[in-house]
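Structure file protein14.txt; described as compact mmCIF, C-alpha atoms (C1' of nucleotides).
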```
# COMPACT_ATOMS: atom_id res chain seq x y z
CA MET A 1 32.84 23.47 15.54
CA THR A 2 29.34 22.16 15.86
CA GLY A 3 28.51 20.91 19.27
CA SER A 4 30.22 22.89 22.02
CA ARG A 5 27.01 24.42 23.30
CA GLU A 6 23.55 22.94 23.63
CA LYS A 7 20.07 23.87 22.42
CA VAL A 8 19.84 22.22 19.04
CA ALA A 9 21.89 23.76 16.27
CA ASP A 10 21.14 21.82 13.10
CA ALA A 11 20.64 18.16 14.01
CA ALA A 12 17.89 18.09 16.62
CA PRO A 13 18.29 16.12 19.88
CA ASP A 14 15.23 14.02 19.16
CA ALA A 15 13.02 11.92 21.42
CA GLY A 16 14.73 8.60 21.91
CA SER A 17 16.76 9.29 18.80
CA LEU A 18 14.69 8.19 15.88
CA GLN A 19 15.91 8.71 12.40
CA LEU A 20 13.38 7.87 9.77
CA ASP A 21 15.83 6.52 7.25
CA ARG A 22 17.16 4.04 9.79
CA PHE A 23 13.75 2.94 10.95
CA ILE A 24 13.11 -0.59 9.77
CA PRO A 25 9.34 -0.38 9.24
CA TYR A 26 9.86 2.69 7.11
CA ARG A 27 12.64 1.09 5.11
CA LEU A 28 10.59 -2.03 4.55
CA SER A 29 7.74 0.09 3.32
CA VAL A 30 9.84 2.09 0.90
CA LEU A 31 11.52 -1.03 -0.43
CA THR A 32 8.24 -2.85 -0.89
CA ASN A 33 6.62 0.08 -2.62
CA THR A 34 9.50 0.48 -4.99
CA VAL A 35 9.59 -3.20 -5.88
CA SER A 36 5.83 -3.37 -6.24
CA MET A 37 5.67 -0.39 -8.52
CA VAL A 38 8.30 -1.79 -10.82
CA ILE A 39 6.63 -5.17 -11.06
CA ALA A 40 3.04 -3.95 -11.10
CA GLY A 41 3.92 -1.58 -13.91
CA ALA A 42 5.25 -4.45 -15.96
CA TYR A 43 2.24 -6.72 -15.33
CA GLU A 44 -0.12 -3.97 -16.24
CA ARG A 45 1.75 -2.87 -19.32
CA GLU A 46 2.35 -6.34 -20.72
CA PHE A 47 -0.77 -8.21 -19.67
CA GLY A 48 -3.28 -5.78 -18.23
CA LEU A 49 -3.00 -7.56 -14.91
CA SER A 50 -3.24 -5.97 -11.50
CA ILE A 51 -1.24 -7.34 -8.60
CA PRO A 52 -4.30 -8.89 -6.95
CA GLN A 53 -5.18 -10.55 -10.25
CA TRP A 54 -1.66 -11.78 -10.64
CA ARG A 55 -1.74 -13.29 -7.17
CA VAL A 56 -4.98 -15.08 -7.85
CA MET A 57 -3.64 -16.49 -11.09
CA ALA A 58 -0.49 -17.64 -9.38
CA VAL A 59 -2.32 -19.72 -6.83
CA LEU A 60 -4.84 -21.09 -9.29
CA ALA A 61 -2.03 -22.13 -11.59
CA ARG A 62 -0.58 -24.21 -8.82
CA TYR A 63 -3.77 -25.24 -7.06
CA PRO A 64 -6.67 -25.47 -9.47
CA ASP A 65 -10.25 -25.74 -8.25
CA LEU A 66 -9.90 -23.66 -5.15
CA SER A 67 -12.84 -21.67 -3.85
CA ALA A 68 -12.61 -17.91 -3.42
CA VAL A 69 -11.94 -18.11 0.31
CA GLU A 70 -9.23 -20.66 -0.24
CA VAL A 71 -7.67 -18.30 -2.75
CA ALA A 72 -7.92 -15.55 -0.16
CA GLU A 73 -6.08 -17.63 2.40
CA ARG A 74 -3.27 -18.42 0.03
CA THR A 75 -2.83 -14.87 -1.24
CA ALA A 76 -3.08 -12.98 2.06
CA MET A 77 -5.89 -10.96 0.53
CA ASP A 78 -9.30 -10.38 2.03
CA LYS A 79 -12.34 -11.85 0.39
CA VAL A 80 -13.47 -8.58 -1.11
CA ALA A 81 -10.19 -8.09 -2.89
CA VAL A 82 -10.34 -11.64 -4.14
CA SER A 83 -13.90 -11.21 -5.34
CA ARG A 84 -12.91 -8.15 -7.31
CA ALA A 85 -9.82 -9.72 -8.78
CA ILE A 86 -11.81 -12.75 -9.86
CA GLN A 87 -14.50 -10.60 -11.38
CA GLY A 88 -11.89 -8.94 -13.56
CA LEU A 89 -10.36 -12.26 -14.52
CA LEU A 90 -13.78 -13.65 -15.41
CA ASP A 91 -14.46 -10.62 -17.57
CA ASP A 92 -11.21 -11.21 -19.36
CA LYS A 93 -11.99 -14.93 -19.65
CA ARG A 94 -8.82 -15.87 -17.89
CA VAL A 95 -10.57 -17.78 -15.14
CA LEU A 96 -13.43 -20.26 -15.25
CA ARG A 97 -15.89 -20.56 -12.42
CA ALA A 98 -18.11 -23.46 -11.51
CA PHE A 99 -20.06 -24.01 -8.32
CA ASP A 100 -19.84 -26.88 -5.93
CA LYS A 101 -22.56 -29.47 -6.34
CA GLY A 102 -22.89 -30.24 -2.68
CA ASP A 103 -22.55 -26.65 -1.45
CA ARG A 104 -23.89 -24.19 -3.94
CA ARG A 105 -22.34 -21.17 -2.26
CA ARG A 106 -18.86 -22.43 -2.95
CA SER A 107 -17.20 -21.53 -6.22
CA ILE A 108 -14.66 -23.68 -7.97
CA LEU A 109 -12.08 -21.66 -9.80
CA ARG A 110 -9.45 -22.50 -12.35
CA LEU A 111 -7.49 -20.86 -15.09
CA SER A 112 -8.98 -21.05 -18.56
CA ALA A 113 -6.75 -22.02 -21.45
CA ALA A 114 -6.27 -18.34 -22.13
CA GLY A 115 -5.44 -17.78 -18.48
CA GLN A 116 -2.91 -20.57 -18.54
CA ALA A 117 -1.35 -19.08 -21.63
CA VAL A 118 -1.03 -15.71 -19.96
CA TYR A 119 0.32 -17.30 -16.84
CA THR A 120 3.06 -19.15 -18.63
CA ARG A 121 4.27 -15.79 -19.82
CA VAL A 122 3.82 -13.76 -16.64
CA ALA A 123 5.42 -16.23 -14.29
CA PRO A 124 8.85 -16.23 -15.93
CA MET A 125 8.75 -12.48 -16.02
CA ALA A 126 7.98 -12.36 -12.31
CA LEU A 127 10.82 -14.72 -11.61
CA ARG A 128 13.18 -12.62 -13.66
CA TYR A 129 12.29 -9.55 -11.66
CA GLU A 130 12.82 -11.43 -8.45
CA ALA A 131 16.16 -12.74 -9.70
CA GLU A 132 17.23 -9.28 -10.72
CA LEU A 133 16.38 -7.91 -7.32
CA LEU A 134 18.20 -10.73 -5.56
CA SER A 135 21.21 -10.44 -7.81
CA ALA A 136 22.30 -7.67 -5.48
CA LEU A 137 22.95 -10.37 -2.88
CA ASN A 138 25.31 -13.30 -3.00
CA PRO A 139 23.77 -16.77 -2.62
CA SER A 140 24.53 -16.96 1.06
CA ASP A 141 22.89 -13.61 1.71
CA GLN A 142 19.93 -14.73 -0.33
CA ARG A 143 19.40 -17.67 1.95
CA THR A 144 19.81 -15.41 4.94
CA LEU A 145 17.20 -13.05 3.58
CA ASP A 146 14.81 -15.92 3.18
CA ARG A 147 15.34 -16.90 6.79
CA LEU A 148 15.06 -13.37 8.15
CA LEU A 149 11.87 -12.70 6.26
CA ALA A 150 10.35 -15.86 7.68
CA ARG A 151 11.28 -14.89 11.23
CA LEU A 152 10.09 -11.34 10.85
CA MET A 153 6.81 -12.49 9.37
CA GLU A 154 6.25 -14.78 12.32
CA GLN A 155 6.96 -11.99 14.74
CA ALA A 156 4.79 -9.50 12.88
CA LYS A 157 1.91 -11.92 12.97
CA SER A 158 2.28 -12.43 16.67
CA MET A 159 2.31 -8.67 17.21
CA GLN A 160 -0.79 -8.36 15.11
CA ALA A 161 -2.57 -11.00 17.14
CA ARG A 162 -2.63 -8.56 20.03
CA MET B 1 5.60 -42.39 -6.57
CA THR B 2 4.70 -39.03 -7.91
CA GLY B 3 6.81 -38.01 -10.80
CA SER B 4 7.46 -40.91 -13.14
CA ARG B 5 5.31 -39.51 -15.91
CA GLU B 6 4.52 -35.94 -16.79
CA LYS B 7 1.29 -34.00 -17.41
CA VAL B 8 0.25 -32.59 -14.05
CA ALA B 9 -1.28 -34.74 -11.33
CA ASP B 10 -2.18 -32.55 -8.34
CA ALA B 11 0.62 -30.07 -7.87
CA ALA B 12 0.74 -28.30 -11.19
CA PRO B 13 3.96 -28.27 -13.22
CA ASP B 14 3.91 -24.50 -13.32
CA ALA B 15 5.65 -22.13 -15.64
CA GLY B 16 9.19 -21.82 -14.37
CA SER B 17 8.01 -23.09 -11.00
CA LEU B 18 6.69 -20.12 -9.11
CA GLN B 19 5.25 -20.54 -5.69
CA LEU B 20 3.67 -17.41 -4.35
CA ASP B 21 4.65 -17.99 -0.75
CA ARG B 22 8.27 -18.30 -1.75
CA PHE B 23 8.25 -15.26 -3.97
CA ILE B 24 10.26 -12.49 -2.36
CA PRO B 25 8.28 -9.48 -3.62
CA TYR B 26 5.11 -11.08 -2.31
CA ARG B 27 6.65 -11.88 1.03
CA LEU B 28 8.01 -8.39 1.37
CA SER B 29 4.61 -7.01 0.64
CA VAL B 30 2.82 -9.19 3.16
CA LEU B 31 5.40 -8.46 5.84
CA THR B 32 5.28 -4.73 5.22
CA ASN B 33 1.50 -4.64 5.26
CA THR B 34 1.34 -6.56 8.48
CA VAL B 35 3.90 -4.37 10.22
CA SER B 36 2.31 -1.19 8.88
CA MET B 37 -1.13 -2.17 10.03
CA VAL B 38 0.06 -2.90 13.53
CA ILE B 39 1.93 0.37 13.83
CA ALA B 40 -0.57 2.52 11.99
CA GLY B 41 -3.32 1.21 14.21
CA ALA B 42 -1.40 2.26 17.29
CA TYR B 43 -0.57 5.75 15.96
CA GLU B 44 -4.16 6.29 15.01
CA ARG B 45 -5.60 4.98 18.22
CA GLU B 46 -3.23 6.79 20.55
CA PHE B 47 -2.57 10.03 18.72
CA GLY B 48 -4.94 10.30 15.78
CA LEU B 49 -1.93 10.25 13.48
CA SER B 50 -1.79 8.69 10.03
CA ILE B 51 1.43 7.14 8.77
CA PRO B 52 2.10 10.04 6.37
CA GLN B 53 1.60 12.49 9.23
CA TRP B 54 3.89 10.50 11.44
CA ARG B 55 6.58 10.53 8.78
CA VAL B 56 6.32 14.26 8.36
CA MET B 57 6.58 14.81 12.08
CA ALA B 58 9.58 12.53 12.31
CA VAL B 59 11.58 14.51 9.80
CA LEU B 60 10.50 17.88 11.14
CA ALA B 61 11.51 16.82 14.63
CA ARG B 62 14.98 16.16 13.40
CA TYR B 63 15.23 18.79 10.71
CA PRO B 64 13.12 21.83 11.54
CA ASP B 65 12.37 24.49 8.96
CA LEU B 66 12.24 22.28 5.95
CA SER B 67 10.00 23.16 3.03
CA ALA B 68 7.31 20.76 1.84
CA VAL B 69 9.39 19.41 -1.02
CA GLU B 70 12.31 18.84 1.29
CA VAL B 71 9.99 16.91 3.55
CA ALA B 72 8.87 14.93 0.53
CA GLU B 73 12.42 14.00 -0.33
CA ARG B 74 13.18 12.81 3.15
CA THR B 75 10.00 10.79 3.57
CA ALA B 76 9.86 9.11 0.16
CA MET B 77 6.40 10.58 -0.28
CA ASP B 78 5.17 12.58 -3.22
CA LYS B 79 4.31 16.20 -2.79
CA VAL B 80 0.58 15.62 -2.84
CA ALA B 81 0.79 13.20 0.04
CA VAL B 82 2.99 15.64 1.92
CA SER B 83 0.60 18.49 1.26
CA ARG B 84 -2.28 16.50 2.66
CA ALA B 85 -0.38 15.32 5.68
CA ILE B 86 0.71 18.84 6.46
CA GLN B 87 -2.82 20.14 6.05
CA GLY B 88 -3.99 17.70 8.69
CA LEU B 89 -1.13 18.59 11.00
CA LEU B 90 -1.86 22.28 10.58
CA ASP B 91 -5.52 21.67 11.39
CA ASP B 92 -4.48 19.87 14.55
CA LYS B 93 -2.00 22.64 15.36
CA ARG B 94 0.88 20.23 15.49
CA VAL B 95 2.87 22.00 12.81
CA LEU B 96 3.57 25.66 12.22
CA ARG B 97 4.04 27.07 8.76
CA ALA B 98 5.80 30.21 7.73
CA PHE B 99 6.84 31.28 4.26
CA ASP B 100 10.28 32.10 3.01
CA LYS B 101 11.01 35.80 2.80
CA GLY B 102 13.13 35.56 -0.29
CA ASP B 103 10.93 33.02 -2.09
CA ARG B 104 7.31 33.30 -1.12
CA ARG B 105 6.34 29.98 -2.67
CA ARG B 106 8.48 28.11 -0.23
CA SER B 107 7.00 27.08 3.09
CA ILE B 108 9.00 26.73 6.26
CA LEU B 109 7.68 24.02 8.49
CA ARG B 110 8.32 23.07 12.06
CA LEU B 111 6.62 21.28 14.88
CA SER B 112 4.60 23.43 17.27
CA ALA B 113 5.04 22.93 20.99
CA ALA B 114 2.02 20.64 20.88
CA GLY B 115 3.55 18.79 17.96
CA GLN B 116 6.81 18.37 19.84
CA ALA B 117 4.91 17.07 22.82
CA VAL B 118 3.13 14.50 20.69
CA TYR B 119 6.33 13.55 19.00
CA THR B 120 8.17 12.87 22.21
CA ARG B 121 5.48 10.32 22.96
CA VAL B 122 5.10 8.76 19.51
CA ALA B 123 8.77 8.30 18.82
CA PRO B 124 9.49 6.00 21.76
CA MET B 125 6.42 4.00 20.87
CA ALA B 126 7.65 3.63 17.30
CA LEU B 127 11.02 2.52 18.54
CA ARG B 128 9.43 -0.01 20.85
CA TYR B 129 7.50 -1.52 17.96
CA GLU B 130 10.63 -1.70 15.91
CA ALA B 131 12.51 -3.29 18.77
CA GLU B 132 9.77 -5.82 19.27
CA LEU B 133 9.82 -6.75 15.63
CA LEU B 134 13.60 -7.06 15.61
CA SER B 135 13.63 -9.05 18.83
CA ALA B 136 12.91 -12.04 16.63
CA LEU B 137 16.48 -11.70 15.35
CA ASN B 138 19.73 -11.91 17.23
CA PRO B 139 22.01 -8.86 17.08
CA SER B 140 24.12 -10.27 14.31
CA ASP B 141 21.06 -11.00 12.19
CA GLN B 142 19.80 -7.52 12.91
CA ARG B 143 22.94 -6.03 11.44
CA THR B 144 22.65 -8.35 8.50
CA LEU B 145 19.07 -7.26 7.91
CA ASP B 146 20.18 -3.67 7.90
CA ARG B 147 22.79 -4.44 5.29
CA LEU B 148 20.48 -6.52 3.11
CA LEU B 149 17.77 -3.89 3.13
CA ALA B 150 20.27 -1.29 2.04
CA ARG B 151 21.48 -3.45 -0.83
CA LEU B 152 17.99 -4.39 -1.94
CA MET B 153 16.87 -0.78 -1.84
CA GLU B 154 19.79 0.20 -4.05
CA GLN B 155 18.95 -2.50 -6.50
CA ALA B 156 15.24 -1.72 -6.50
CA LYS B 157 16.00 1.90 -7.26
CA SER B 158 18.21 0.96 -10.13
CA MET B 159 15.48 -1.29 -11.53
CA GLN B 160 13.01 1.52 -11.18
CA ALA B 161 15.27 3.90 -13.05
CA ARG B 162 14.60 1.89 -16.20
C1' DC C 1 10.97 44.90 -19.75
C1' DG C 2 8.08 40.85 -21.56
C1' DG C 3 7.25 36.16 -22.58
C1' DA C 4 8.41 31.41 -21.98
C1' DT C 5 9.87 27.85 -18.40
C1' DA C 6 10.43 26.04 -14.04
C1' DT C 7 9.26 25.33 -9.19
C1' DA C 8 6.26 25.13 -4.74
C1' DG C 9 2.25 23.77 -3.34
C1' DT C 10 -2.90 22.88 -3.71
C1' DT C 11 -7.04 21.24 -5.81
C1' DT C 12 -9.77 18.25 -8.57
C1' DC C 13 -11.22 14.03 -10.33
C1' DA C 14 -10.81 9.14 -11.05
C1' DA C 15 -9.32 4.77 -9.58
C1' DT C 16 -8.26 1.63 -5.61
C1' DT C 17 -9.15 0.02 -1.27
C1' DG C 18 -11.43 -0.96 3.26
C1' DT C 19 -15.53 -1.63 6.05
C1' DA C 20 -19.90 -2.83 6.73
C1' DA C 21 -24.05 -4.36 5.19
C1' DC C 22 -26.12 -7.48 2.52
C1' DC C 23 -28.10 -11.99 -0.14
C1' DA C 24 -28.01 -16.87 -0.55
C1' DT C 25 -27.16 -21.14 1.15
C1' DT C 26 -25.87 -24.39 4.61
C1' DA C 27 -25.42 -26.17 9.41
C1' DG C 28 -27.00 -26.55 14.14
C1' DT C 29 -30.51 -26.59 17.65
C1' DT C 30 -34.65 -27.44 19.55
C1' DA D 1 -39.95 -28.40 10.54
C1' DA D 2 -38.69 -23.75 12.32
C1' DC D 3 -35.31 -20.59 14.17
C1' DT D 4 -30.74 -19.16 14.71
C1' DA D 5 -26.15 -18.87 13.57
C1' DA D 6 -22.40 -19.43 10.39
C1' DT D 7 -20.28 -19.36 5.78
C1' DG D 8 -19.35 -17.95 0.79
C1' DG D 9 -19.51 -14.34 -1.87
C1' DT D 10 -21.10 -9.70 -3.68
C1' DT D 11 -22.55 -4.93 -3.31
C1' DA D 12 -22.61 -0.24 -1.58
C1' DC D 13 -20.47 3.51 0.47
C1' DA D 14 -16.73 5.98 2.54
C1' DA D 15 -11.96 6.91 2.92
C1' DT D 16 -7.28 6.85 0.71
C1' DT D 17 -4.48 7.38 -3.00
C1' DG D 18 -2.58 8.86 -7.58
C1' DA D 19 -2.36 11.63 -11.74
C1' DA D 20 -3.17 15.67 -13.91
C1' DA D 21 -4.47 20.27 -13.95
C1' DC D 22 -4.09 24.50 -11.75
C1' DT D 23 -2.41 28.91 -9.04
C1' DA D 24 1.19 31.59 -7.61
C1' DT D 25 5.70 32.92 -7.57
C1' DA D 26 10.27 32.91 -9.32
C1' DT D 27 13.84 32.42 -12.99
C1' DC D 28 15.72 32.59 -17.54
C1' DC D 29 16.64 34.81 -21.73
C1' DG D 30 15.80 37.56 -25.68
```
Written as structure tokens, how would this file's structure read?
Amino acid sequence: MTGSREKVADAAPDAGSLQLDRFIPYRLSVLTNTVSMVIAGAYEREFGLSIPQWRVMAVLARYPDLSAVEVAERTAMDKVAVSRAIQGLLDDKRVLRAFDKGDRRRSILRLSAAGQAVYTRVAPMALRYEAELLSALNPSDQRTLDRLLARLMEQAKSMQAR
Amino acid sequence: MTGSREKVADAAPDAGSLQLDRFIPYRLSVLTNTVSMVIAGAYEREFGLSIPQWRVMAVLARYPDLSAVEVAERTAMDKVAVSRAIQGLLDDKRVLRAFDKGDRRRSILRLSAAGQAVYTRVAPMALRYEAELLSALNPSDQRTLDRLLARLMEQAKSMQAR
DNA sequence: CGGATATAGTTTCAATTGTAACCATTAGTT
DNA sequence: AACTAATGGTTACAATTGAAACTATATCCG
């Protein structure tokens, strides 16, 4: 019925045959946005935390006394984003800041008691969301995902380097 | 050596043990951002196209004569983003807009000849980037990725629904 | 018909984000 | 010491994005 003659019809011939909903970068983007919105909504609702703030708290919980640039490295955020997240956390008294004796530019950051308290509640929630997402995959596929993400990240970084 | 007593040490005990760089939503986000930046930079540099504009063109190439909301559905963008992308494409004369006879609210969008010409150059470039990214995986892993993304997207949508 | 409701799309305004410029301090060089 | 360059961090400004309000048209229902 459909294709006996040429010149389009309904499904266009298409340069190199690209279909958006099969295009991996697009699918990654949609997936990430959906996941982020779900989780960010919960952080915000329950704790008044933005995603950047959450990331900063997560690294400070595990590695206290980092400087802002060290936080930036470990969160894949730029230093401006880190500065802003920290400012908010300082305002909310969830982070304490000191400055290095030997190098007075360098800040030394850690969670306050209040920050710790918040963190011990956010972290399990984050892990539950992750677990719920991954529950769509069996354990073997979960390990595979882990591996594929690592490889893709490597490759993406090398593409970025050029 | 390390763990015979409790109460911290250097690597914090951590609520439920969360490590940011092992946290899937974070890794997805970093991967997506990296990939998007690489590709968006190329679209912008070579064609003056934003990612939203590129998405709109991709669906119109394949499905001409959609309305703006139909474009929105097929690009996972909201109607404001679509409206703005289309405005830019109209300004650049890469998209033509007519209005439905029977329902004059409804627009009917398609690529102009110039838009088609651009598209036939962008699409192969997009596919090359995708191929380069995926070249980090063997064919079997590529199929697996496809499957896992589909499952995760399903699950993310169902989480969002609540 | 006339009034409420819904839909397509745009505009407006606020919040978020990115880039560049900017202090302050430290390190290197002569 | 004095000058330059580099580093840590913040600020300022522009661009992007999101949410809500708005216009126009169409539909529903009495």
Task: Within 12 Å of DT30 (chain C) using all atoms listed in the file, minus same-chain residues under 5 positions, as a list in words - done: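 Residues meeting the cut-off are DA1, DA2, DC3 and DT4 of chain D.
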Task: Close residues, region 33-39 of chain B itself excluded, 12 Å, all atoms listed in the file, min 5 positions apart in chain, as a ChimeraX atom specification - done: /A:24-30,32-33,76-77,152-162 /B:26-28,44-47,49-52,54,122-123,125-130,132-134
Quick one: contact table of chain B to chain C, 10 Å max, nearest atom pair and distance in Å to one decimal per residue, counting all atoms listed in the file, chain and number order, as JSON lines?
```
{"residue": "B:Ser67", "atom": "CA", "partner": "C:DA8", "partner_atom": "C1'", "distance": 8.8}
{"residue": "B:Ala68", "atom": "CA", "partner": "C:DG9", "partner_atom": "C1'", "distance": 7.8}
{"residue": "B:Val69", "atom": "CA", "partner": "C:DA8", "partner_atom": "C1'", "distance": 7.5}
{"residue": "B:Lys79", "atom": "CA", "partner": "C:DG9", "partner_atom": "C1'", "distance": 7.9}
{"residue": "B:Val80", "atom": "CA", "partner": "C:DT10", "partner_atom": "C1'", "distance": 8.1}
{"residue": "B:Val82", "atom": "CA", "partner": "C:DG9", "partner_atom": "C1'", "distance": 9.7}
{"residue": "B:Ser83", "atom": "CA", "partner": "C:DG9", "partner_atom": "C1'", "distance": 7.2}
{"residue": "B:Arg84", "atom": "CA", "partner": "C:DT10", "partner_atom": "C1'", "distance": 9.0}
{"residue": "B:Asp103", "atom": "CA", "partner": "C:DA8", "partner_atom": "C1'", "distance": 9.5}
{"residue": "B:Arg104", "atom": "CA", "partner": "C:DA8", "partner_atom": "C1'", "distance": 9.0}
{"residue": "B:Arg105", "atom": "CA", "partner": "C:DA8", "partner_atom": "C1'", "distance": 5.3}
{"residue": "B:Arg106", "atom": "CA", "partner": "C:DA8", "partner_atom": "C1'", "distance": 5.8}
{"residue": "B:Ser107", "atom": "CA", "partner": "C:DA8", "partner_atom": "C1'", "distance": 8.1}
```
Write the selection just made, keeping C-alpha atoms, as a PDB file, in the frame of the given file?
```pdb
ATOM      1  CA  SER B  67      10.000  23.160   3.030  1.00  0.00           C
ATOM      2  CA  ALA B  68       7.310  20.760   1.840  1.00  0.00           C
ATOM      3  CA  VAL B  69       9.390  19.410  -1.020  1.00  0.00           C
ATOM      4  CA  LYS B  79       4.310  16.200  -2.790  1.00  0.00           C
ATOM      5  CA  VAL B  80       0.580  15.620  -2.840  1.00  0.00           C
ATOM      6  CA  VAL B  82       2.990  15.640   1.920  1.00  0.00           C
ATOM      7  CA  SER B  83       0.600  18.490   1.260  1.00  0.00           C
ATOM      8  CA  ARG B  84      -2.280  16.500   2.660  1.00  0.00           C
ATOM      9  CA  ASP B 103      10.930  33.020  -2.090  1.00  0.00           C
ATOM     10  CA  ARG B 104       7.310  33.300  -1.120  1.00  0.00           C
ATOM     11  CA  ARG B 105       6.340  29.980  -2.670  1.00  0.00           C
ATOM     12  CA  ARG B 106       8.480  28.110  -0.230  1.00  0.00           C
ATOM     13  CA  SER B 107       7.000  27.080   3.090  1.00  0.00           C
TER      14      SER B 107
END
```
TODO: In Å, rounded to a single decimal, give me how far C1' of DA19 (chain D) is from CA of Arg74 (chain B).
DONE: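 These two atoms are separated by 21.6 Å.
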- [ ] Provide the CA of Gln19 (chain A) to CA of Arg62 (chain B) distance in Å, to one decimal place.
- [x] 7.6 Å
- [ ] Could you please select, counting all atoms listed in the file, the residues of chain D within 10 Å of chain B and state them as a PyMOL selection string?
- [x] chain D and resi 17-18+24-26
Just to be explicit: take each residue in the selection above, keep C-alpha atoms (C1' of nucleotides), and write the result as an mmCIF file, keeping the file's coordinate frame.
```
data_model
loop_
_atom_site.group_PDB
_atom_site.id
_atom_site.type_symbol
_atom_site.label_atom_id
_atom_site.label_comp_id
_atom_site.auth_asym_id
_atom_site.auth_seq_id
_atom_site.Cartn_x
_atom_site.Cartn_y
_atom_site.Cartn_z
ATOM 1 C "C1'" DT D 17 -4.480 7.380 -3.000
ATOM 2 C "C1'" DG D 18 -2.580 8.860 -7.580
ATOM 3 C "C1'" DA D 24 1.190 31.590 -7.610
ATOM 4 C "C1'" DT D 25 5.700 32.920 -7.570
ATOM 5 C "C1'" DA D 26 10.270 32.910 -9.320
#
```
